[in-house]
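Visitor: Sharing a structure, written as structure tokens. Questions coming.
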Amino acid sequence: MQILVADIGNTRSTLGLFQACQLLWRRDIATDAVCDGTEALVVERCDACVVSCVSARASFFVNLLKRQLKCPVFEVSAAQSGLEIHYAHPERLGQDRVANALGAMLYADTGAIVVDCGTATHFDVISPTGAFYGGPILAGVETMAEALVQRIPHLPAVELD
């Protein structure tokens with residue numbers, strides 16, 4: 001069985017095709033490029049697709065996958081995750097954070113702190129029993145670097161790789 005996994009973020013999106021637990025291919029693209037039509041989305045055959053989408057404006061991307069793929073497309077959700085969520089507003093919990101918690105539970109049966117670095121950097125605490133406690137959300141590395149250059153005029157801009 002081949003499963004396409006799509007992590008649709010605010011800035012970048014990553015697609016990966018898995019068979020069993022082996023990654024067959026991975027593709028990173030700018031989310032805006034797919035949403036505005038400048039980047040074509042070409043996906044080979046798969047048996048199912050699992051999507052984590054954190055951007056309301058990127059719902060176009062999710063709908064595109066649903067139209068193009070000839071397989072079931074499942075969106076990650078806190079309500080259907082089976083996680084015990086200790087979070088003030090579980091309905092506002094980002095799909096990326098739910099996906100990270102579920103992944104951590106597969107590999108860390110003693111609990112985990114997941115650090116996800118993207119447009120924002122967030123820390124998610126998962127207990128040994130699989131309870132999700134959330135954690136802080138901070139500016140991402142690029143966001144922080146841009147803000148420092150804007151706020152501190154004598155600080156040189158640095159290209160981040």
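A note on labels: chains of the structure tokens are A, B, ... as shown, every chain counts residues from 1, and ligands are counted from 1 in their shown order.
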Can you tell me which residues surround A:Trp25 at a distance of at most 12 Å, considering only C-alpha atoms, apart from same-chain residues fewer than 3 positions away, and format the answer as a PDB file with C-alpha atoms, in the first residue's frame?
Guide:
```
ATOM      1  CA  GLN A   2       1.348   3.423  -0.956  1.00  0.00           C
ATOM      2  CA  ILE A   3       0.374   6.397   1.200  1.00  0.00           C
ATOM      3  CA  LEU A   4       0.904   9.999   0.172  1.00  0.00           C
ATOM      4  CA  VAL A   5       1.534  12.297   3.129  1.00  0.00           C
ATOM      5  CA  THR A  14       6.134  18.828   1.877  1.00  0.00           C
ATOM      6  CA  LEU A  15       4.777  15.793   0.059  1.00  0.00           C
ATOM      7  CA  GLY A  16       6.122  12.303   0.644  1.00  0.00           C
ATOM      8  CA  LEU A  17       5.136   8.925  -0.745  1.00  0.00           C
ATOM      9  CA  PHE A  18       5.531   5.953   1.604  1.00  0.00           C
ATOM     10  CA  GLN A  19       5.303   2.227   1.054  1.00  0.00           C
ATOM     11  CA  GLN A  22       9.853   3.421   3.617  1.00  0.00           C
ATOM     12  CA  ASP A  28       9.245  20.438  -0.871  1.00  0.00           C
ATOM     13  CA  VAL A  43       1.272  13.138  -7.920  1.00  0.00           C
ATOM     14  CA  GLU A  44       1.687   9.546  -8.923  1.00  0.00           C
TER      15      GLU A  44
END
```
Visitor: Please report, as a list in words, each residue of stretch 57-138 of chain A to which DSSP assigns strand (DSSP E) when run on this structure's backbone.
Guide: Val73, Phe74, Glu75, Glu84, Ile85, Ala112, Ile113, Val114, Val115, Asp116, Cys117, Ala120, Thr121, His122, Phe123, Asp124, Val125, Ile126, Ala131, Phe132, Tyr133, Gly134, Ile137 and Leu138 of chain A
Visitor: Within 12 Å of stretch 146-156 of chain A, counting only C-alpha atoms, which residues show up once you throw out same-chain ones fewer than 6 positions away? Write them as JSON, numbers by chain, please.
Guide: {"A": [119, 139, 140]}
Visitor: Pick out the closest residue to A:Ala99 from this set: A:Glu159, A:Glu142, A:Asp32, A:Asp124. Count only C-alpha atoms.
Guide: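 Result for the nearest residue to A:Ala99: A:Asp124.
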Visitor: Select from stretch 1-154 of chain A everything DSSP, run on the backbone, classes as alpha helix (DSSP H), then give the selection as a PyMOL selection string.
Guide: chain A and resi 31-35+59-68+78-81+95-107+141-151
Visitor: Write out as a ChimeraX atom specification which residues come within 10 Å of A:Leu64 when counting only C-alpha atoms, dropping same-chain ones fewer than 5 positions away.
Guide: /A:34-35,41,58-59,69
Visitor: Where does stretch 16-80 of chain A meet stretch 85-93 of chain A within 9 Å, residue by residue, with the nearest atom pair and distance in Å to one decimal for each, counting only C-alpha atoms, listed by chain and rising number, as CSV?
Guide:
```
residue,atom,partner,partner_atom,distance
A:Ser77,CA,A:Leu93,CA,8.4
A:Ala78,CA,A:Pro90,CA,6.7
A:Ala79,CA,A:Glu91,CA,7.6
```
Visitor: Please dump the current selection as a compact mmCIF listing (two decimals), in the first residue's frame; keep N, CA and C atoms.
Guide:
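Contents of again_26.txt, freshly written:
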```txt
# COMPACT_ATOMS: atom_id res chain seq x y z
N SER A 77 -7.10 15.47 12.37
CA SER A 77 -7.91 16.34 13.24
C SER A 77 -7.74 15.91 14.68
N ALA A 78 -7.80 16.88 15.56
CA ALA A 78 -7.71 16.60 17.00
C ALA A 78 -8.86 15.71 17.43
N ALA A 79 -10.05 15.98 16.92
CA ALA A 79 -11.25 15.24 17.34
C ALA A 79 -11.16 13.76 17.00
```
Visitor: Quote the spacing between atom CA of A:Ile126 and atom CA of A:Tyr107 in Å to one decimal place.
Guide: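 About the pair atom CA of A:Ile126 and atom CA of A:Tyr107: they are 11.7 Å apart.
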Visitor: Using only C-alpha atoms, find the one residue out of A:Ala145, A:Cys117, A:Ala20, A:Leu160 that sits nearest to A:Arg97.
Guide: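 Counting only C-alpha atoms, the residue closest to A:Arg97 is A:Cys117.
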